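What follows is the content of query_28.tsv, which has TSV, C-alpha atoms and all ligand atoms:
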```tsv
chain	number	residue	atom	x	y	z
A	1	MET	CA	34.34	-31.78	-18.24
A	2	LYS	CA	32.88	-34.21	-15.71
A	3	ASP	CA	29.83	-36.09	-16.95
A	4	LEU	CA	26.47	-35.79	-15.14
A	5	LYS	CA	26.62	-39.31	-13.78
A	6	THR	CA	29.95	-38.66	-12.04
A	7	CYS	CA	28.67	-35.31	-10.64
A	8	ARG	CA	25.58	-37.01	-9.24
A	9	GLN	CA	27.63	-39.73	-7.65
A	10	GLU	CA	29.74	-37.09	-5.93
A	11	ILE	CA	26.62	-35.23	-4.74
A	12	ASP	CA	25.21	-38.48	-3.33
A	13	GLU	CA	28.39	-39.05	-1.34
A	14	ILE	CA	28.41	-35.48	-0.01
A	15	ASP	CA	24.71	-35.72	0.92
A	16	ALA	CA	25.40	-38.94	2.84
A	17	GLU	CA	28.08	-37.07	4.79
A	18	LEU	CA	25.78	-34.06	5.33
A	19	ILE	CA	23.01	-36.29	6.64
A	20	ARG	CA	25.39	-37.98	9.05
A	21	LEU	CA	26.50	-34.56	10.35
A	22	PHE	CA	22.95	-33.20	10.38
A	23	GLU	CA	21.77	-36.12	12.55
A	24	LYS	CA	24.69	-35.48	14.85
A	25	ARG	CA	23.83	-31.76	15.06
A	26	MET	CA	20.16	-32.51	15.82
A	27	ALA	CA	21.18	-34.95	18.58
A	28	VAL	CA	23.13	-32.13	20.24
A	29	SER	CA	20.17	-29.80	19.72
A	30	ARG	CA	18.03	-32.37	21.61
A	31	ASP	CA	20.49	-32.32	24.52
A	32	VAL	CA	20.27	-28.53	24.59
A	33	VAL	CA	16.47	-28.75	25.17
A	34	LYS	CA	16.96	-30.68	28.40
A	35	TYR	CA	19.41	-28.04	29.61
A	36	LYS	CA	17.08	-25.21	28.61
A	37	VAL	CA	14.07	-26.75	30.40
A	38	GLU	CA	16.10	-27.27	33.59
A	39	HIS	CA	17.48	-23.74	33.50
A	40	GLY	CA	14.27	-22.00	32.33
A	41	MET	CA	15.94	-20.75	29.15
A	42	LYS	CA	14.13	-19.71	25.96
A	43	ILE	CA	14.62	-21.82	22.83
A	44	PHE	CA	15.51	-18.85	20.68
A	45	GLN	CA	18.95	-17.46	21.59
A	46	LYS	CA	19.45	-14.40	19.41
A	47	GLU	CA	23.06	-13.64	20.37
A	48	ARG	CA	24.18	-17.25	20.01
A	49	GLU	CA	22.61	-17.43	16.53
A	50	LYS	CA	24.46	-14.28	15.44
A	51	GLU	CA	27.67	-15.78	16.77
A	52	VAL	CA	27.08	-19.08	14.92
A	53	ILE	CA	26.42	-17.24	11.64
A	54	ASN	CA	29.49	-14.96	11.92
A	55	LYS	CA	31.80	-17.75	13.02
A	56	ASN	CA	30.80	-19.90	10.06
A	57	LEU	CA	30.88	-17.10	7.52
A	58	ALA	CA	34.48	-16.39	8.53
A	59	ARG	CA	35.32	-19.98	7.58
A	60	VAL	CA	34.02	-19.67	4.01
A	61	LYS	CA	36.80	-19.78	1.40
A	62	ASN	CA	34.70	-19.10	-1.70
A	63	LYS	CA	33.32	-15.60	-0.92
A	64	GLY	CA	30.83	-15.91	-3.81
A	65	LEU	CA	28.99	-18.43	-1.62
A	66	LEU	CA	28.61	-16.16	1.43
A	67	ASN	CA	24.88	-15.48	0.98
A	68	TYR	CA	24.09	-19.11	0.25
A	69	ILE	CA	25.99	-20.25	3.29
A	70	LYS	CA	24.31	-17.68	5.51
A	71	ASN	CA	21.01	-19.11	4.30
A	72	PHE	CA	22.19	-22.64	4.93
A	73	ILE	CA	23.26	-21.94	8.53
A	74	THR	CA	20.13	-19.91	9.30
A	75	ASN	CA	17.96	-22.73	7.99
A	76	ASN	CA	19.85	-25.27	10.07
A	77	MET	CA	19.07	-23.22	13.17
A	78	ASN	CA	15.40	-22.76	12.16
A	79	ILE	CA	15.09	-26.53	11.87
A	80	SER	CA	16.96	-27.00	15.13
A	81	ARG	CA	14.56	-24.61	16.91
A	82	ALA	CA	11.50	-26.36	15.45
A	83	TYR	CA	12.89	-29.69	16.70
A	84	GLN	CA	13.51	-28.24	20.14
A	85	ALA	CA	9.95	-26.85	20.23
A	86	SER	CA	8.54	-30.30	19.40
A	87	LEU	CA	10.52	-31.76	22.33
A	88	MET	CA	9.45	-29.18	24.90
A	89	PRO	CA	7.05	-30.56	27.52
A	90	ASN	CA	3.64	-29.10	26.55
A	91	SER	CA	2.94	-26.10	28.70
A	92	PRO	CA	-0.55	-26.83	30.05
A	93	LEU	CA	-2.96	-24.18	28.78
A	94	LYS	CA	-5.28	-22.74	31.41
A	95	ILE	CA	-8.67	-23.27	29.83
A	96	ALA	CA	-11.88	-22.02	31.46
A	97	GLN	CA	-15.39	-23.45	30.99
A	98	PRO	CA	-17.80	-21.30	28.91
A	99	ARG	CA	-20.45	-19.69	31.14
A	100	ARG	CA	-24.04	-19.11	30.10
A	101	GLU	CA	-26.01	-18.93	33.37
A	102	GLY	CA	-26.40	-15.69	35.32
A	103	ILE	CA	-24.10	-13.75	33.01
A	104	LYS	CA	-24.14	-10.14	31.81
A	105	VAL	CA	-23.00	-9.21	28.30
A	106	GLY	CA	-21.84	-5.75	27.17
A	107	TYR	CA	-21.99	-4.27	23.68
A	108	GLN	CA	-21.33	-0.92	22.05
A	109	GLY	CA	-24.24	1.15	20.76
A	110	VAL	CA	-27.88	1.32	21.66
A	111	PRO	CA	-30.68	-1.27	21.58
A	112	GLY	CA	-31.41	-1.96	17.90
A	113	SER	CA	-27.79	-1.57	16.81
A	114	PHE	CA	-26.09	-4.39	14.91
A	115	SER	CA	-23.93	-5.20	17.97
A	116	TYR	CA	-27.13	-5.61	19.97
A	117	GLN	CA	-28.50	-7.99	17.33
A	118	ALA	CA	-25.25	-9.98	17.33
A	119	THR	CA	-25.42	-10.23	21.15
A	120	LYS	CA	-28.97	-11.56	21.02
A	121	LYS	CA	-28.16	-14.00	18.21
A	122	TYR	CA	-25.13	-15.42	20.03
A	123	PHE	CA	-26.45	-15.57	23.60
A	124	GLY	CA	-30.23	-15.58	23.11
A	125	GLU	CA	-32.20	-13.62	25.73
A	126	VAL	CA	-29.46	-12.48	28.08
A	127	ASN	CA	-28.92	-9.78	30.68
A	128	ASN	CA	-27.15	-7.05	28.67
A	129	GLN	CA	-25.65	-3.62	29.04
A	130	ASN	CA	-24.87	-1.12	26.32
A	131	TYR	CA	-21.84	1.22	26.24
A	132	GLU	CA	-21.06	4.31	24.23
A	133	ARG	CA	-17.61	3.43	22.86
A	134	PHE	CA	-15.87	0.16	21.95
A	135	GLU	CA	-13.26	0.82	24.62
A	136	ASP	CA	-15.99	1.16	27.27
A	137	VAL	CA	-16.90	-2.50	26.61
A	138	PHE	CA	-13.28	-3.53	27.18
A	139	GLU	CA	-13.08	-1.39	30.34
A	140	ALA	CA	-16.32	-2.88	31.68
A	141	LEU	CA	-14.95	-6.39	31.12
A	142	LYS	CA	-11.75	-5.45	32.91
A	143	LYS	CA	-13.69	-4.09	35.89
A	144	ASN	CA	-15.86	-7.27	36.07
A	145	GLU	CA	-18.99	-5.20	35.32
A	146	ILE	CA	-19.79	-7.72	32.58
A	147	ASP	CA	-18.79	-11.35	31.91
A	148	TYR	CA	-18.47	-11.07	28.13
A	149	GLY	CA	-18.38	-8.31	25.52
A	150	VAL	CA	-19.51	-8.27	21.87
A	151	VAL	CA	-17.67	-6.06	19.38
A	152	PRO	CA	-17.40	-6.01	15.57
A	153	LEU	CA	-14.03	-7.02	14.13
A	154	GLU	CA	-14.50	-7.08	10.38
A	155	ASN	CA	-16.99	-6.19	7.66
A	156	SER	CA	-17.01	-8.19	4.42
A	157	SER	CA	-17.19	-5.09	2.23
A	158	THR	CA	-15.36	-2.41	4.23
A	159	GLY	CA	-12.68	-4.46	6.04
A	160	ALA	CA	-11.23	-4.59	9.56
A	161	ILE	CA	-12.42	-2.50	12.52
A	162	ASN	CA	-8.88	-1.63	13.57
A	163	ASP	CA	-9.58	-0.22	17.05
A	164	ASN	CA	-10.92	-3.53	18.26
A	165	TYR	CA	-7.85	-5.42	17.03
A	166	ASP	CA	-5.70	-3.03	19.05
A	167	PHE	CA	-7.87	-3.29	22.17
A	168	ILE	CA	-7.72	-7.11	22.27
A	169	THR	CA	-3.93	-6.90	22.52
A	170	GLN	CA	-3.90	-3.92	24.86
A	171	TYR	CA	-6.35	-5.48	27.35
A	172	GLU	CA	-4.98	-9.03	26.94
A	173	PHE	CA	-8.47	-10.52	26.60
A	174	PHE	CA	-9.48	-13.64	24.70
A	175	ILE	CA	-11.83	-14.30	21.82
A	176	VAL	CA	-14.35	-16.87	23.07
A	177	GLY	CA	-16.88	-16.78	20.24
A	178	GLU	CA	-17.79	-15.40	16.84
A	179	GLN	CA	-21.16	-14.32	15.46
A	180	GLN	CA	-21.56	-13.38	11.83
A	181	LEU	CA	-24.48	-11.15	10.95
A	182	TYR	CA	-25.95	-10.30	7.57
A	183	ILE	CA	-26.05	-6.53	7.53
A	184	SER	CA	-29.07	-5.22	5.69
A	185	GLN	CA	-29.31	-1.43	5.61
A	186	ASN	CA	-32.54	0.48	5.21
A	187	LEU	CA	-33.57	4.05	4.58
A	188	LEU	CA	-35.70	5.04	7.57
A	189	GLY	CA	-37.89	8.13	7.77
A	190	VAL	CA	-40.59	9.61	9.93
A	191	LYS	CA	-44.09	8.10	9.62
A	192	GLY	CA	-45.75	9.00	6.31
A	193	ALA	CA	-42.55	10.30	4.63
A	194	LYS	CA	-41.62	9.12	1.09
A	195	ILE	CA	-38.19	8.47	-0.44
A	196	GLU	CA	-38.50	11.65	-2.56
A	197	ASP	CA	-38.99	13.76	0.60
A	198	VAL	CA	-35.64	12.75	2.08
A	199	LYS	CA	-32.81	15.20	1.36
A	200	ASP	CA	-30.37	14.27	4.15
A	201	VAL	CA	-29.53	11.11	6.06
A	202	TYR	CA	-27.66	10.40	9.28
A	203	SER	CA	-25.79	7.16	10.00
A	204	HIS	CA	-22.54	5.64	11.19
A	205	PRO	CA	-19.77	6.18	8.53
A	206	GLN	CA	-19.94	2.42	7.76
A	207	GLY	CA	-23.69	2.68	7.12
A	208	LEU	CA	-23.14	5.63	4.74
A	209	LEU	CA	-20.32	3.79	2.97
A	210	GLN	CA	-22.35	0.62	2.59
A	211	THR	CA	-25.32	2.44	0.97
A	212	SER	CA	-23.40	5.09	-1.03
A	213	LYS	CA	-24.80	3.96	-4.43
A	214	PHE	CA	-28.44	4.34	-3.38
A	215	LEU	CA	-27.79	7.67	-1.65
A	216	ASP	CA	-25.91	9.10	-4.65
A	217	GLU	CA	-28.60	7.95	-7.09
A	218	HIS	CA	-31.24	9.71	-5.00
A	219	HIS	CA	-29.08	12.83	-4.39
A	220	ILE	CA	-29.36	12.42	-0.63
A	221	GLY	CA	-26.77	14.23	1.53
A	222	LYS	CA	-24.72	12.04	3.91
A	223	HIS	CA	-24.10	12.99	7.55
A	224	ARG	CA	-21.93	11.00	9.94
A	225	TYR	CA	-23.33	9.91	13.27
A	226	ARG	CA	-21.93	7.87	16.16
A	227	ASN	CA	-24.04	4.80	15.53
A	228	THR	CA	-26.76	3.65	13.09
A	229	ALA	CA	-29.36	3.11	15.82
A	230	VAL	CA	-28.52	6.39	17.62
A	231	ALA	CA	-28.97	8.11	14.26
A	232	ALA	CA	-32.44	6.52	13.96
A	233	LYS	CA	-33.31	7.79	17.45
A	234	PHE	CA	-32.10	11.30	16.51
A	235	VAL	CA	-34.18	11.30	13.31
A	236	ALA	CA	-37.29	10.17	15.20
A	237	GLU	CA	-36.82	13.03	17.68
A	238	LEU	CA	-36.24	15.55	14.87
A	239	ASN	CA	-39.54	14.48	13.25
A	240	ASP	CA	-38.69	16.10	9.90
A	241	PRO	CA	-39.77	14.26	6.67
A	242	THR	CA	-36.69	15.58	4.80
A	243	VAL	CA	-34.31	13.89	7.23
A	244	GLY	CA	-33.78	10.12	7.28
A	245	ALA	CA	-31.46	7.55	8.84
A	246	ILE	CA	-29.61	4.49	7.53
A	247	ALA	CA	-30.13	1.72	10.06
A	248	SER	CA	-31.59	-1.73	10.72
A	249	SER	CA	-35.28	-2.68	10.59
A	250	GLU	CA	-35.02	-3.35	14.36
A	251	ALA	CA	-34.05	0.30	14.88
A	252	ALA	CA	-37.07	1.39	12.79
A	253	GLU	CA	-39.38	-0.60	15.04
A	254	LEU	CA	-37.69	0.53	18.22
A	255	TYR	CA	-37.84	4.27	17.41
A	256	GLY	CA	-41.18	4.32	15.54
A	257	LEU	CA	-39.80	5.10	12.07
A	258	ASP	CA	-41.03	3.88	8.66
A	259	ILE	CA	-38.81	1.80	6.38
A	260	LEU	CA	-38.89	3.98	3.24
A	261	ALA	CA	-36.49	1.73	1.25
A	262	PRO	CA	-35.43	-1.72	2.53
A	263	GLY	CA	-32.16	-3.54	1.69
A	264	ILE	CA	-30.30	-0.64	0.05
A	265	GLU	CA	-26.75	-1.89	0.78
A	266	ASN	CA	-24.33	-1.76	-2.22
A	267	ASP	CA	-23.16	-5.30	-1.61
A	268	LYS	CA	-25.89	-7.88	-1.11
A	269	SER	CA	-23.47	-10.22	0.67
A	270	ASN	CA	-22.65	-7.60	3.30
A	271	HIS	CA	-21.66	-9.45	6.50
A	272	THR	CA	-20.02	-8.35	9.74
A	273	ARG	CA	-18.01	-10.64	12.00
A	274	PHE	CA	-18.57	-9.88	15.67
A	275	ILE	CA	-16.36	-11.40	18.31
A	276	VAL	CA	-17.30	-12.34	21.83
A	277	ILE	CA	-14.52	-11.33	24.21
A	278	GLY	CA	-13.80	-12.77	27.65
A	279	ARG	CA	-11.21	-12.52	30.41
A	280	GLU	CA	-10.17	-16.17	30.16
A	281	LEU	CA	-9.24	-18.60	27.41
A	282	GLU	CA	-12.05	-21.03	26.58
A	283	ALA	CA	-11.82	-23.92	24.16
A	284	PRO	CA	-15.11	-25.77	23.75
A	285	ILE	CA	-14.95	-29.19	22.13
A	286	ASP	CA	-16.63	-27.90	18.94
A	287	ALA	CA	-14.38	-24.84	18.67
A	288	GLU	CA	-13.17	-24.69	15.09
A	289	ARG	CA	-11.20	-21.46	14.77
A	290	ILE	CA	-8.00	-20.35	16.48
A	291	SER	CA	-6.82	-16.74	16.59
A	292	MET	CA	-3.33	-15.63	17.52
A	293	ALA	CA	-1.26	-12.44	17.58
A	294	PHE	CA	2.50	-12.10	17.31
A	295	THR	CA	5.33	-9.80	16.40
A	296	LEU	CA	8.23	-10.82	14.17
A	297	ARG	CA	11.91	-10.07	14.00
A	298	HIS	CA	12.88	-7.95	10.99
A	299	GLU	CA	14.65	-10.86	9.31
A	300	VAL	CA	14.55	-12.40	5.89
A	301	GLY	CA	11.73	-14.93	5.72
A	302	SER	CA	10.33	-14.51	9.25
A	303	LEU	CA	6.70	-14.31	8.05
A	304	PHE	CA	7.38	-17.04	5.53
A	305	GLU	CA	8.57	-19.24	8.41
A	306	VAL	CA	5.22	-18.76	10.20
A	307	MET	CA	3.34	-19.80	7.08
A	308	ARG	CA	5.64	-22.77	6.56
A	309	ILE	CA	4.90	-24.05	10.07
A	310	ILE	CA	1.14	-23.73	9.50
A	311	LYS	CA	1.38	-25.49	6.13
A	312	ASP	CA	3.71	-28.24	7.39
A	313	HIS	CA	1.11	-29.20	10.01
A	314	PHE	CA	-1.61	-29.36	7.33
A	315	ILE	CA	-3.54	-26.46	8.84
A	316	ASN	CA	-5.60	-23.99	6.83
A	317	MET	CA	-4.73	-20.34	7.41
A	318	ALA	CA	-8.04	-18.47	7.20
A	319	ARG	CA	-6.90	-14.89	7.66
A	320	ILE	CA	-3.95	-12.60	8.25
A	321	GLU	CA	-4.07	-8.96	9.31
A	322	SER	CA	-1.26	-6.66	10.36
A	323	ARG	CA	-1.45	-3.62	12.61
A	324	PRO	CA	1.28	-1.07	13.39
A	325	LEU	CA	2.85	-1.48	16.85
A	326	PRO	CA	2.25	1.71	18.86
A	327	GLY	CA	5.56	3.30	19.86
A	328	ASN	CA	7.60	1.19	17.41
A	329	PRO	CA	7.55	2.81	13.97
A	330	TRP	CA	7.45	0.30	11.08
A	331	GLU	CA	7.02	-2.66	13.39
A	332	TYR	CA	3.82	-4.69	13.16
A	333	CYS	CA	1.61	-7.00	15.14
A	334	PHE	CA	0.23	-9.83	13.00
A	335	TYR	CA	-3.17	-11.37	13.63
A	336	VAL	CA	-3.59	-14.83	12.16
A	337	ASP	CA	-6.63	-17.12	12.19
A	338	ILE	CA	-6.28	-20.84	11.54
A	339	ASP	CA	-8.79	-23.69	11.41
A	340	GLY	CA	-8.53	-26.19	14.26
A	341	ASN	CA	-9.09	-27.11	17.89
A	342	LEU	CA	-6.65	-26.95	20.80
A	343	GLY	CA	-7.25	-30.66	21.29
A	344	ASP	CA	-5.76	-31.49	17.85
A	345	TYR	CA	-2.23	-32.84	18.03
A	346	ASN	CA	-1.07	-31.04	14.86
A	347	VAL	CA	-2.46	-27.73	16.16
A	348	LEU	CA	-0.61	-28.04	19.47
A	349	ALA	CA	2.64	-28.93	17.70
A	350	ALA	CA	2.25	-25.98	15.31
A	351	LEU	CA	1.55	-23.57	18.19
A	352	GLN	CA	4.68	-24.75	20.02
A	353	GLU	CA	6.77	-24.03	16.93
A	354	LEU	CA	5.07	-20.70	16.30
A	355	LYS	CA	5.83	-19.56	19.84
A	356	VAL	CA	9.50	-20.19	19.19
A	357	SER	CA	9.65	-18.69	15.70
A	358	THR	CA	7.88	-15.43	16.57
A	359	ASP	CA	8.86	-12.67	18.96
A	360	GLN	CA	5.89	-12.02	21.23
A	361	PHE	CA	3.29	-14.68	20.75
A	362	ARG	CA	-0.22	-14.69	22.23
A	363	LEU	CA	-2.95	-17.24	21.71
A	364	LEU	CA	-6.12	-15.15	21.41
A	365	GLY	CA	-8.67	-17.93	21.50
A	366	ASN	CA	-10.23	-21.11	20.18
A	367	TYR	CA	-13.91	-20.67	19.48
A	368	GLU	CA	-17.04	-21.71	17.68
A	369	ARG	CA	-18.25	-19.64	14.74
A	370	LYS	CA	-21.97	-18.94	14.54
A	371	GLY	CA	-23.95	-17.60	11.60
A	372	VAL	CA	-21.32	-18.63	9.04
B	1	LIG	O1	22.80	-22.75	21.35
B	1	LIG	C1	21.61	-22.97	21.64
B	1	LIG	O2	21.04	-22.43	22.60
B	1	LIG	C2	20.83	-23.89	20.79
B	1	LIG	O3	19.72	-24.23	21.15
B	1	LIG	C3	21.33	-24.33	19.47
B	1	LIG	C4	20.87	-23.46	18.32
B	1	LIG	C5	21.48	-24.09	17.03
B	1	LIG	O4	20.83	-24.94	16.43
B	1	LIG	O5	22.61	-23.76	16.72
B	1	LIG	C6	19.39	-23.48	18.25
B	1	LIG	C7	18.60	-22.48	18.75
B	1	LIG	C8	19.15	-21.26	19.33
B	1	LIG	O6	18.42	-20.13	18.96
B	1	LIG	C9	20.57	-21.09	19.05
B	1	LIG	C10	21.34	-22.08	18.51
```

Any chance you could give the structure as structure tokens?
Ligand SMILES: O=C(O)C(=O)C[C@]1(C(=O)O)C=C[C@@H](O)C=C1
Amino acid sequence: MKDLKTCRQEIDEIDAELIRLFEKRMAVSRDVVKYKVEHGMKIFQKEREKEVINKNLARVKNKGLLNYIKNFITNNMNISRAYQASLMPNSPLKIAQPRREGIKVGYQGVPGSFSYQATKKYFGEVNNQNYERFEDVFEALKKNEIDYGVVPLENSSTGAINDNYDFITQYEFFIVGEQQLYISQNLLGVKGAKIEDVKDVYSHPQGLLQTSKFLDEHHIGKHRYRNTAVAAKFVAELNDPTVGAIASSEAAELYGLDILAPGIENDKSNHTRFIVIGRELEAPIDAERISMAFTLRHEVGSLFEVMRIIKDHFINMARIESRPLPGNPWEYCFYVDIDGNLGDYNVLAALQELKVSTDQFRLLGNYERKGV
């Protein structure tokens, strides 16, 4: 049996040879970039990669090594693609200036709703327009009826608002801002009513979900309504002491209701993240969060590769969400948030590599986070 020292000497010699060949391979890969830029070719060449893998697997003598060698060749090409991405001339991003003067902002719901509060918190006193459905806000932005829209994207206790994730992709808009809001839910009733009088409440399903403990303890029946503030309006019109609403204190004031029980949410750290959407990419100097969306090839390690790129550029990944791709069963669109600014060198390099390593890549925005 060979001793360890001899084995290690042999490995050192082989590694020296591998490094020499690897450098040679990377030099050719660099030449390929020039060709690709001149001929408008994509870095990732699926068919060529298949060909390289098959050609090399056919050369393997020890069939027990097939999987390892497939891995080795695939990794070589991953590294080669990352190198090519780093050499690509930076495609200049079209970045628009944030606008605050003479603008109109759209939100879903009625005055007093949480989206309305988020709009006011983010923009201050601003010309605003409410819409019935989330999609109406997206449509209004598309038709230039409004300059920005405000929609909820995620609640800290009940999770993502999936429709809005899908709409961002569908309408190809950008995220230009984020406003977090502490969501405090209240039991509202008609003037003079007491908690014991209330037998039924109306609210948005999220409002009912977020106050389920209080409602169950008080044996109050839950009824779904389009929106928390619209529910408050409905209850005020009904003028029945046995019927209440779960909504904000603003809604109570707006529709002349009493707050029968304040702060009845199950989770006292109940926050909602609202996003501000726009037609153009904006990247203010103090933007600290980047959102992106991409699809991946169904290949071993494709999501791992995305995470590796983010980690290798010393970037914190703040969030990942996946949504099914309509019309493509079992295929997904991934939404990833990272910390950083489009002016940071490591961020730009990582984005270049991510574009190459994913299938359909879209930068969704670089924005400031308020209320965090
Ligand atoms: O053949 C090419 O087009 C290359 O860029 C080379 C290479 C490789 O490293 O082998 C790299 C990326 C492509 O996806 C395919 C192959």

Taking all atoms of ligand LIG 1 (chain B) that the file lists, what box with edges along x, y and z, padded by 4 Å per side, do you get, with centre and edge lengths in Å to one decimal, as JSON?
```
{"center_x": 20.6, "center_y": -22.5, "center_z": 19.5, "size_x": 12.4, "size_y": 12.8, "size_z": 14.2}
```

- Task: Name the residues, by chain letter and number, that sit within 10 Å of ligand LIG 1 (chain B) using all atoms listed in the file, and give them as JSON, numbers by chain.
- Result: {"A": [25, 26, 28, 29, 30, 31, 32, 33, 35, 36, 41, 42, 43, 44, 45, 46, 47, 48, 49, 50, 51, 52, 53, 73, 74, 75, 76, 77, 78, 79, 80, 81, 82, 83, 84, 85, 356, 357]}

The selected residues should be written to file as a short mmCIF file (atom, residue, chain, number, x, y, z; two decimals), in the coordinates of the input (atoms: C-alpha atoms).
```cif
data_model
loop_
_atom_site.label_atom_id
_atom_site.label_comp_id
_atom_site.auth_asym_id
_atom_site.auth_seq_id
_atom_site.Cartn_x
_atom_site.Cartn_y
_atom_site.Cartn_z
CA ARG A 25 23.83 -31.76 15.06
CA MET A 26 20.16 -32.51 15.82
CA VAL A 28 23.13 -32.13 20.24
CA SER A 29 20.17 -29.80 19.72
CA ARG A 30 18.03 -32.37 21.61
CA ASP A 31 20.49 -32.32 24.52
CA VAL A 32 20.27 -28.53 24.59
CA VAL A 33 16.47 -28.75 25.17
CA TYR A 35 19.41 -28.04 29.61
CA LYS A 36 17.08 -25.21 28.61
CA MET A 41 15.94 -20.75 29.15
CA LYS A 42 14.13 -19.71 25.96
CA ILE A 43 14.62 -21.82 22.83
CA PHE A 44 15.51 -18.85 20.68
CA GLN A 45 18.95 -17.46 21.59
CA LYS A 46 19.45 -14.40 19.41
CA GLU A 47 23.06 -13.64 20.37
CA ARG A 48 24.18 -17.25 20.01
CA GLU A 49 22.61 -17.43 16.53
CA LYS A 50 24.46 -14.28 15.44
CA GLU A 51 27.67 -15.78 16.77
CA VAL A 52 27.08 -19.08 14.92
CA ILE A 53 26.42 -17.24 11.64
CA ILE A 73 23.26 -21.94 8.53
CA THR A 74 20.13 -19.91 9.30
CA ASN A 75 17.96 -22.73 7.99
CA ASN A 76 19.85 -25.27 10.07
CA MET A 77 19.07 -23.22 13.17
CA ASN A 78 15.40 -22.76 12.16
CA ILE A 79 15.09 -26.53 11.87
CA SER A 80 16.96 -27.00 15.13
CA ARG A 81 14.56 -24.61 16.91
CA ALA A 82 11.50 -26.36 15.45
CA TYR A 83 12.89 -29.69 16.70
CA GLN A 84 13.51 -28.24 20.14
CA ALA A 85 9.95 -26.85 20.23
CA VAL A 356 9.50 -20.19 19.19
CA SER A 357 9.65 -18.69 15.70
#
```

- Item | Selection: 9 Å around Phe234 of chain A, only C-alpha atoms, excl. self and same-chain fewer than 5 positions, as a ChimeraX atom specification | /A:202,229,239,245

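Residue nearest Asn130 of chain A, chosen from A:Val105, A:Leu18, A:Leu348, A:Ala118 and counting only C-alpha atoms: A:Val105.
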
- Nearby residues (all atoms listed in the file) at most 12 Å from segment 196-199 of chain A, same-chain spacing under 3 positions excluded, as a ChimeraX atom specification: /A:187-193,202,215-223,235,239-246,260-261

Each residue of segment 245-325 of chain A with at least one atom at most 7 Å from segment 363-371 of chain A should appear once, together with its nearest atom pair and the corresponding distance in Å (one decimal); atoms considered: only C-alpha atoms; ordering: chain, then increasing residue number; output as CSV.
```
residue,atom,partner,partner_atom,distance
A:Leu281,CA,A:Gly365,CA,6.0
A:Glu282,CA,A:Asn366,CA,6.7
A:Ala283,CA,A:Asn366,CA,5.1
A:Pro284,CA,A:Tyr367,CA,6.8
A:Asp286,CA,A:Glu368,CA,6.3
A:Ala287,CA,A:Glu368,CA,4.2
A:Glu288,CA,A:Glu368,CA,5.5
A:Arg289,CA,A:Tyr367,CA,5.5
A:Ile290,CA,A:Asn366,CA,4.4
A:Ser291,CA,A:Leu364,CA,5.1
A:Met292,CA,A:Leu363,CA,4.5
A:Ala293,CA,A:Leu363,CA,6.6
```

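Coordinates place atom CA of Gln180 of chain A at a distance of 23.4 Å from atom CA of Tyr225 of chain A.
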
- Mind checking which residues fall within 9 Å of Ser86 of chain A, counting only C-alpha atoms, ignoring those fewer than 5 positions away in the same chain, and posting them as a PyMOL selection string? chain A and resi 81+349-350+352-353

- Can you tell me, as JSON, numbers by chain, what residues are no more than 8 Å from segment 315-321 of chain A when counting all atoms listed in the file, ignoring any on the same chain fewer than 6 positions away? {"A": [334, 335, 336, 337, 338, 339, 340, 346, 347]}

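With all atoms listed in the file as the atoms that count, the residue of A:Ser212, A:Ser184, A:Thr169, A:Thr358 with the shortest distance to Pro326 of chain A is A:Thr169.
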